[in-house]
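S.K.: Below: one structure in C-alpha coordinates.
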Amino acid sequence: MTGKSFIAYLRTSPEKRDEMIALQTELKSLVFEQEPDAIVYELLQSDEDPDRFAVVATFRDDAAFDKHMHIDFHDRLVPPIVACLAEEMTLDFYRSHG
(Lines give C-alpha, C1' and ligand atoms only; values in the text may rest on other atoms or scores of the structure.)
Protein backbone atom coordinates (compact mmCIF):
# COMPACT_ATOMS: atom_id res chain seq x y z
CA MET A 1 0.00 0.00 0.00
CA THR A 2 1.25 3.48 -0.82
CA GLY A 3 0.17 6.64 0.88
CA LYS A 4 -0.71 9.85 -0.90
CA SER A 5 0.89 13.05 0.36
CA PHE A 6 0.94 16.67 -0.58
CA ILE A 7 2.87 19.75 0.37
CA ALA A 8 1.08 23.04 -0.24
CA TYR A 9 3.10 26.26 -0.13
CA LEU A 10 1.11 29.31 0.93
CA ARG A 11 1.89 33.00 1.30
CA THR A 12 -0.51 35.27 3.12
CA SER A 13 -0.51 39.00 3.65
CA PRO A 14 0.34 40.20 7.17
CA GLU A 15 -3.22 41.42 7.80
CA LYS A 16 -4.66 38.01 6.85
CA ARG A 17 -2.06 35.86 8.65
CA ASP A 18 -4.00 35.31 11.90
CA GLU A 19 -7.21 34.50 10.03
CA MET A 20 -5.44 31.96 7.83
CA ILE A 21 -3.79 30.31 10.86
CA ALA A 22 -7.17 30.08 12.64
CA LEU A 23 -8.84 28.53 9.58
CA GLN A 24 -6.00 26.04 9.06
CA THR A 25 -6.04 25.14 12.77
CA GLU A 26 -9.76 24.39 12.56
CA LEU A 27 -9.21 22.35 9.40
CA LYS A 28 -6.42 20.34 11.04
CA SER A 29 -8.58 19.61 14.08
CA LEU A 30 -11.48 18.40 11.93
CA VAL A 31 -9.17 16.27 9.77
CA PHE A 32 -7.96 14.38 12.84
CA GLU A 33 -11.47 14.10 14.31
CA GLN A 34 -13.24 12.90 11.17
CA GLU A 35 -10.64 11.37 8.87
CA PRO A 36 -9.02 8.32 10.50
CA ASP A 37 -7.00 7.64 7.34
CA ALA A 38 -5.27 11.02 7.53
CA ILE A 39 -1.87 10.14 8.96
CA VAL A 40 -0.33 13.62 8.92
CA TYR A 41 -1.87 17.07 8.56
CA GLU A 42 0.36 19.89 9.69
CA LEU A 43 0.62 23.64 9.14
CA LEU A 44 4.20 24.89 9.24
CA GLN A 45 5.20 28.57 9.45
CA SER A 46 8.56 29.81 8.20
CA ASP A 47 11.04 31.12 10.77
CA GLU A 48 12.43 33.60 8.24
CA ASP A 49 9.14 34.89 6.81
CA PRO A 50 6.05 34.75 9.06
CA ASP A 51 3.76 35.08 6.04
CA ARG A 52 5.08 31.92 4.39
CA PHE A 53 3.55 28.55 5.27
CA ALA A 54 3.59 24.93 4.19
CA VAL A 55 0.83 22.41 4.74
CA VAL A 56 2.08 18.83 4.82
CA ALA A 57 -0.47 16.03 4.64
CA THR A 58 -0.30 12.28 4.22
CA PHE A 59 -3.27 10.01 3.66
CA ARG A 60 -3.30 6.23 3.88
CA ASP A 61 -4.27 5.86 0.21
CA ASP A 62 -5.95 7.58 -2.75
CA ALA A 63 -9.41 6.85 -1.35
CA ALA A 64 -8.57 8.65 1.90
CA PHE A 65 -7.25 11.64 -0.06
CA ASP A 66 -10.39 11.70 -2.21
CA LYS A 67 -12.54 11.64 0.93
CA HIS A 68 -10.57 14.59 2.29
CA MET A 69 -11.11 16.58 -0.89
CA HIS A 70 -14.89 16.08 -0.75
CA ILE A 71 -15.67 16.20 2.96
CA ASP A 72 -18.09 18.96 3.98
CA PHE A 73 -15.72 20.96 6.18
CA HIS A 74 -13.08 21.04 3.41
CA ASP A 75 -15.58 22.76 1.13
CA ARG A 76 -16.44 25.21 3.92
CA LEU A 77 -12.89 26.10 5.05
CA VAL A 78 -10.72 26.01 1.93
CA PRO A 79 -12.33 28.95 0.06
CA PRO A 80 -11.75 31.40 2.96
CA ILE A 81 -8.20 30.03 3.35
CA VAL A 82 -7.54 30.72 -0.32
CA ALA A 83 -9.03 34.21 0.14
CA CYS A 84 -6.30 34.91 2.74
CA LEU A 85 -3.50 34.21 0.28
CA ALA A 86 -1.37 36.98 -1.19
CA GLU A 87 -0.38 34.80 -4.15
CA GLU A 88 -1.44 31.52 -5.71
CA MET A 89 -0.44 28.50 -3.67
CA THR A 90 1.70 25.76 -5.12
CA LEU A 91 0.77 22.16 -4.51
CA ASP A 92 3.10 19.18 -4.97
CA PHE A 93 2.00 15.54 -4.65
CA TYR A 94 4.14 12.64 -3.40
CA ARG A 95 3.87 8.90 -2.70
CA SER A 96 5.09 7.24 0.44
CA HIS A 97 6.24 3.63 0.33
CA GLY A 98 6.60 0.98 2.94
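Please note that chains go A, B, ... in the order of the C-alpha coordinates, that every chain numbers its residues from 1, and that ligands are numbered from 1 in the order shown.
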Hey, what's within 10 Å of Lys16 of chain A if we count only C-alpha atoms and toss same-chain stuff fewer than 2 positions away? As an NGL selection string, please?

M.R.: :A and (11-14 or 18-21 or 51 or 81 or 83-86)

S.K.: Would you please extract all strand (DSSP E or B) residues from chain A, as assigned by DSSP on the backbone, and give them as a PyMOL selection string?

M.R.: chain A and resi 3-12+38-45+52-59+85+90-96

S.K.: Go ahead and write the residues just picked, N, CA, C and O atoms, as a CSV table (one decimal), in the first residue's frame.

M.R.:
```
chain,number,residue,atom,x,y,z
A,3,GLY,N,0.9,5.5,0.4
A,3,GLY,CA,0.2,6.6,0.9
A,3,GLY,C,0.2,7.8,-0.1
A,3,GLY,O,1.1,7.8,-1.0
A,4,LYS,N,-0.7,8.7,0.0
A,4,LYS,CA,-0.7,9.8,-0.9
A,4,LYS,C,-0.5,11.1,0.0
A,4,LYS,O,-1.1,11.3,1.0
A,5,SER,N,0.5,11.9,-0.4
A,5,SER,CA,0.9,13.0,0.4
A,5,SER,C,0.9,14.3,-0.5
A,5,SER,O,1.1,14.2,-1.7
A,6,PHE,N,0.7,15.4,0.1
A,6,PHE,CA,0.9,16.7,-0.6
A,6,PHE,C,1.6,17.7,0.3
A,6,PHE,O,1.6,17.6,1.6
A,7,ILE,N,2.3,18.6,-0.3
A,7,ILE,CA,2.9,19.7,0.4
A,7,ILE,C,2.3,21.0,-0.4
A,7,ILE,O,2.5,21.1,-1.6
A,8,ALA,N,1.6,21.8,0.3
A,8,ALA,CA,1.1,23.0,-0.2
A,8,ALA,C,1.9,24.2,0.3
A,8,ALA,O,2.1,24.3,1.5
A,9,TYR,N,2.3,25.1,-0.5
A,9,TYR,CA,3.1,26.3,-0.1
A,9,TYR,C,2.2,27.5,-0.3
A,9,TYR,O,1.6,27.7,-1.3
A,10,LEU,N,2.1,28.2,0.9
A,10,LEU,CA,1.1,29.3,0.9
A,10,LEU,C,1.8,30.6,1.4
A,10,LEU,O,2.7,30.5,2.3
A,11,ARG,N,1.4,31.7,0.8
A,11,ARG,CA,1.9,33.0,1.3
A,11,ARG,C,0.7,33.9,1.5
A,11,ARG,O,-0.2,34.0,0.7
A,12,THR,N,0.6,34.4,2.8
A,12,THR,CA,-0.5,35.3,3.1
A,12,THR,C,0.0,36.7,3.3
A,12,THR,O,1.2,36.9,3.4
A,38,ALA,N,-6.2,9.9,7.7
A,38,ALA,CA,-5.3,11.0,7.5
A,38,ALA,C,-4.2,10.8,8.6
A,38,ALA,O,-4.4,10.8,9.8
A,39,ILE,N,-3.0,10.5,8.1
A,39,ILE,CA,-1.9,10.1,9.0
A,39,ILE,C,-1.2,11.4,9.5
A,39,ILE,O,-0.8,11.5,10.6
A,40,VAL,N,-1.0,12.4,8.6
A,40,VAL,CA,-0.3,13.6,8.9
A,40,VAL,C,-1.2,14.8,8.3
A,40,VAL,O,-1.6,14.7,7.2
A,41,TYR,N,-1.3,15.8,9.1
A,41,TYR,CA,-1.9,17.1,8.6
A,41,TYR,C,-1.3,18.2,9.4
A,41,TYR,O,-1.6,18.3,10.6
A,42,GLU,N,-0.4,18.9,8.9
A,42,GLU,CA,0.4,19.9,9.7
A,42,GLU,C,0.5,21.2,8.9
A,42,GLU,O,0.9,21.2,7.8
A,43,LEU,N,0.3,22.3,9.7
A,43,LEU,CA,0.6,23.6,9.1
A,43,LEU,C,2.0,24.1,9.7
A,43,LEU,O,2.2,24.1,10.9
A,44,LEU,N,2.9,24.5,8.8
A,44,LEU,CA,4.2,24.9,9.2
A,44,LEU,C,4.4,26.3,8.8
A,44,LEU,O,4.0,26.7,7.7
A,45,GLN,N,4.9,27.2,9.7
A,45,GLN,CA,5.2,28.6,9.4
A,45,GLN,C,6.7,28.8,9.4
A,45,GLN,O,7.4,28.3,10.3
A,52,ARG,N,4.9,33.1,5.2
A,52,ARG,CA,5.1,31.9,4.4
A,52,ARG,C,4.8,30.7,5.2
A,52,ARG,O,5.3,30.5,6.3
A,53,PHE,N,4.0,29.8,4.6
A,53,PHE,CA,3.5,28.5,5.3
A,53,PHE,C,3.7,27.4,4.3
A,53,PHE,O,3.7,27.5,3.1
A,54,ALA,N,3.7,26.2,4.9
A,54,ALA,CA,3.6,24.9,4.2
A,54,ALA,C,2.6,24.1,4.9
A,54,ALA,O,2.5,24.1,6.2
A,55,VAL,N,1.7,23.4,4.2
A,55,VAL,CA,0.8,22.4,4.7
A,55,VAL,C,1.3,21.1,4.2
A,55,VAL,O,1.5,20.9,3.0
A,56,VAL,N,1.6,20.2,5.2
A,56,VAL,CA,2.1,18.8,4.8
A,56,VAL,C,1.0,17.8,5.3
A,56,VAL,O,0.5,17.9,6.4
A,57,ALA,N,0.6,17.0,4.3
A,57,ALA,CA,-0.5,16.0,4.6
A,57,ALA,C,-0.1,14.7,4.0
A,57,ALA,O,0.4,14.6,2.9
A,58,THR,N,-0.4,13.6,4.7
A,58,THR,CA,-0.3,12.3,4.2
A,58,THR,C,-1.6,11.5,4.5
A,58,THR,O,-2.0,11.5,5.7
A,59,PHE,N,-2.1,10.8,3.5
A,59,PHE,CA,-3.3,10.0,3.7
A,59,PHE,C,-2.9,8.6,3.4
A,59,PHE,O,-2.0,8.3,2.6
A,85,LEU,N,-4.8,34.3,0.9
A,85,LEU,CA,-3.5,34.2,0.3
A,85,LEU,C,-3.2,35.5,-0.5
A,85,LEU,O,-4.0,36.1,-1.2
A,90,THR,N,1.2,26.9,-4.3
A,90,THR,CA,1.7,25.8,-5.1
A,90,THR,C,1.4,24.5,-4.4
A,90,THR,O,1.4,24.5,-3.1
A,91,LEU,N,1.2,23.4,-5.1
A,91,LEU,CA,0.8,22.2,-4.5
A,91,LEU,C,1.5,21.1,-5.2
A,91,LEU,O,1.4,20.9,-6.4
A,92,ASP,N,2.3,20.3,-4.4
A,92,ASP,CA,3.1,19.2,-5.0
A,92,ASP,C,2.6,17.9,-4.3
A,92,ASP,O,2.4,17.9,-3.1
A,93,PHE,N,2.5,16.8,-5.1
A,93,PHE,CA,2.0,15.5,-4.6
A,93,PHE,C,3.2,14.5,-4.6
A,93,PHE,O,4.1,14.6,-5.4
A,94,TYR,N,3.1,13.6,-3.6
A,94,TYR,CA,4.1,12.6,-3.4
A,94,TYR,C,3.5,11.3,-3.0
A,94,TYR,O,2.4,11.3,-2.6
A,95,ARG,N,4.3,10.2,-3.1
A,95,ARG,CA,3.9,8.9,-2.7
A,95,ARG,C,4.8,8.5,-1.6
A,95,ARG,O,6.0,8.6,-1.7
A,96,SER,N,4.3,7.9,-0.6
A,96,SER,CA,5.1,7.2,0.4
A,96,SER,C,5.0,5.7,0.2
A,96,SER,O,4.0,5.2,-0.2
```

S.K.: When you count only C-alpha atoms, which of these residues is closest to Pro50 of chain A: A:His68, A:Arg17, A:His97, A:His74?

M.R.: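 Answer, going by the shortest atom-to-atom distance: A:Arg17.
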
S.K.: Point out the residue among A:Asp61, A:Gln24, A:Lys67, A:Leu30 with the least atom-to-atom distance to Pro79 of chain A, counting only C-alpha atoms.

M.R.: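 Going through A:Asp61, A:Gln24, A:Lys67, A:Leu30 one by one, the smallest distance to Pro79 of chain A is for A:Gln24.
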
S.K.: Quick check for you: according to DSSP on this backbone, which residues of chain A are classed as alpha helix (DSSP H)? Reply as an MDAnalysis selection string.

M.R.: chainID A and resid 17:34 62:70 72:83

S.K.: Convert the current residue selection to file output with N, CA and C atoms, as a short mmCIF file (atom, residue, chain, number, x, y, z; two decimals), in the first residue's frame.

M.R.:
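Saved as part_18.cif:
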```
data_model
loop_
_atom_site.label_atom_id
_atom_site.label_comp_id
_atom_site.auth_asym_id
_atom_site.auth_seq_id
_atom_site.Cartn_x
_atom_site.Cartn_y
_atom_site.Cartn_z
N ARG A 17 -2.81 36.97 8.07
CA ARG A 17 -2.06 35.86 8.65
C ARG A 17 -2.83 35.16 9.77
N ASP A 18 -3.32 35.91 10.75
CA ASP A 18 -4.00 35.31 11.90
C ASP A 18 -5.28 34.57 11.48
N GLU A 19 -6.00 35.15 10.53
CA GLU A 19 -7.21 34.50 10.03
C GLU A 19 -6.88 33.17 9.35
N MET A 20 -5.83 33.18 8.53
CA MET A 20 -5.44 31.96 7.83
C MET A 20 -4.99 30.88 8.83
N ILE A 21 -4.23 31.27 9.83
CA ILE A 21 -3.79 30.31 10.86
C ILE A 21 -5.01 29.73 11.59
N ALA A 22 -5.97 30.57 11.94
CA ALA A 22 -7.17 30.08 12.64
C ALA A 22 -7.96 29.10 11.77
N LEU A 23 -8.12 29.42 10.49
CA LEU A 23 -8.84 28.53 9.58
C LEU A 23 -8.10 27.20 9.40
N GLN A 24 -6.79 27.27 9.23
CA GLN A 24 -6.00 26.04 9.06
C GLN A 24 -6.01 25.21 10.34
N THR A 25 -6.00 25.86 11.49
CA THR A 25 -6.04 25.14 12.77
C THR A 25 -7.36 24.40 12.92
N GLU A 26 -8.46 25.06 12.53
CA GLU A 26 -9.76 24.39 12.56
C GLU A 26 -9.79 23.21 11.58
N LEU A 27 -9.25 23.42 10.39
CA LEU A 27 -9.21 22.35 9.40
C LEU A 27 -8.42 21.16 9.92
N LYS A 28 -7.25 21.42 10.49
CA LYS A 28 -6.42 20.34 11.04
C LYS A 28 -7.18 19.56 12.12
N SER A 29 -7.83 20.26 13.01
CA SER A 29 -8.58 19.61 14.08
C SER A 29 -9.67 18.70 13.52
N LEU A 30 -10.41 19.20 12.53
CA LEU A 30 -11.48 18.40 11.93
C LEU A 30 -10.93 17.21 11.15
N VAL A 31 -9.80 17.40 10.48
CA VAL A 31 -9.17 16.27 9.77
C VAL A 31 -8.91 15.14 10.75
N PHE A 32 -8.29 15.45 11.89
CA PHE A 32 -7.96 14.38 12.84
C PHE A 32 -9.18 13.81 13.54
N GLU A 33 -10.24 14.60 13.70
CA GLU A 33 -11.47 14.10 14.31
C GLU A 33 -12.27 13.20 13.38
N GLN A 34 -12.30 13.54 12.08
CA GLN A 34 -13.24 12.90 11.17
C GLN A 34 -12.62 12.08 10.05
N ASP A 62 -5.23 6.64 -1.89
CA ASP A 62 -5.95 7.58 -2.75
C ASP A 62 -7.40 7.79 -2.28
N ALA A 63 -8.03 6.73 -1.80
CA ALA A 63 -9.41 6.85 -1.35
C ALA A 63 -9.52 7.80 -0.17
N ALA A 64 -8.56 7.74 0.75
CA ALA A 64 -8.57 8.65 1.90
C ALA A 64 -8.35 10.09 1.45
N PHE A 65 -7.47 10.29 0.48
CA PHE A 65 -7.25 11.64 -0.06
C PHE A 65 -8.52 12.15 -0.74
N ASP A 66 -9.16 11.31 -1.54
CA ASP A 66 -10.39 11.70 -2.21
C ASP A 66 -11.48 12.07 -1.20
N LYS A 67 -11.57 11.31 -0.12
CA LYS A 67 -12.54 11.64 0.93
C LYS A 67 -12.24 13.02 1.49
N HIS A 68 -10.97 13.29 1.75
CA HIS A 68 -10.57 14.59 2.29
C HIS A 68 -11.00 15.72 1.36
N MET A 69 -10.81 15.53 0.08
CA MET A 69 -11.11 16.58 -0.89
C MET A 69 -12.60 16.85 -1.02
N HIS A 70 -13.44 15.92 -0.57
CA HIS A 70 -14.89 16.08 -0.75
C HIS A 70 -15.67 16.12 0.57
N ASP A 72 -17.36 17.70 3.88
CA ASP A 72 -18.09 18.96 3.98
C ASP A 72 -17.26 20.10 4.55
N PHE A 73 -16.47 19.86 5.59
CA PHE A 73 -15.72 20.96 6.18
C PHE A 73 -14.59 21.45 5.27
N HIS A 74 -14.09 20.60 4.39
CA HIS A 74 -13.08 21.04 3.41
C HIS A 74 -13.71 22.09 2.50
N ASP A 75 -14.89 21.81 2.02
CA ASP A 75 -15.58 22.76 1.13
C ASP A 75 -15.93 24.06 1.84
N ARG A 76 -16.11 24.01 3.15
CA ARG A 76 -16.44 25.21 3.92
C ARG A 76 -15.20 26.04 4.24
N LEU A 77 -14.07 25.38 4.55
CA LEU A 77 -12.89 26.10 5.05
C LEU A 77 -11.89 26.50 3.98
N VAL A 78 -11.76 25.72 2.92
CA VAL A 78 -10.72 26.01 1.93
C VAL A 78 -10.95 27.33 1.18
N PRO A 79 -12.17 27.66 0.74
CA PRO A 79 -12.33 28.95 0.06
C PRO A 79 -11.90 30.16 0.90
N PRO A 80 -12.25 30.26 2.19
CA PRO A 80 -11.75 31.40 2.96
C PRO A 80 -10.24 31.34 3.20
N ILE A 81 -9.66 30.14 3.26
CA ILE A 81 -8.20 30.03 3.35
C ILE A 81 -7.57 30.61 2.10
N VAL A 82 -8.07 30.21 0.95
CA VAL A 82 -7.54 30.72 -0.32
C VAL A 82 -7.72 32.24 -0.39
N ALA A 83 -8.80 32.77 0.15
CA ALA A 83 -9.03 34.21 0.14
C ALA A 83 -8.00 34.97 0.99
#
```
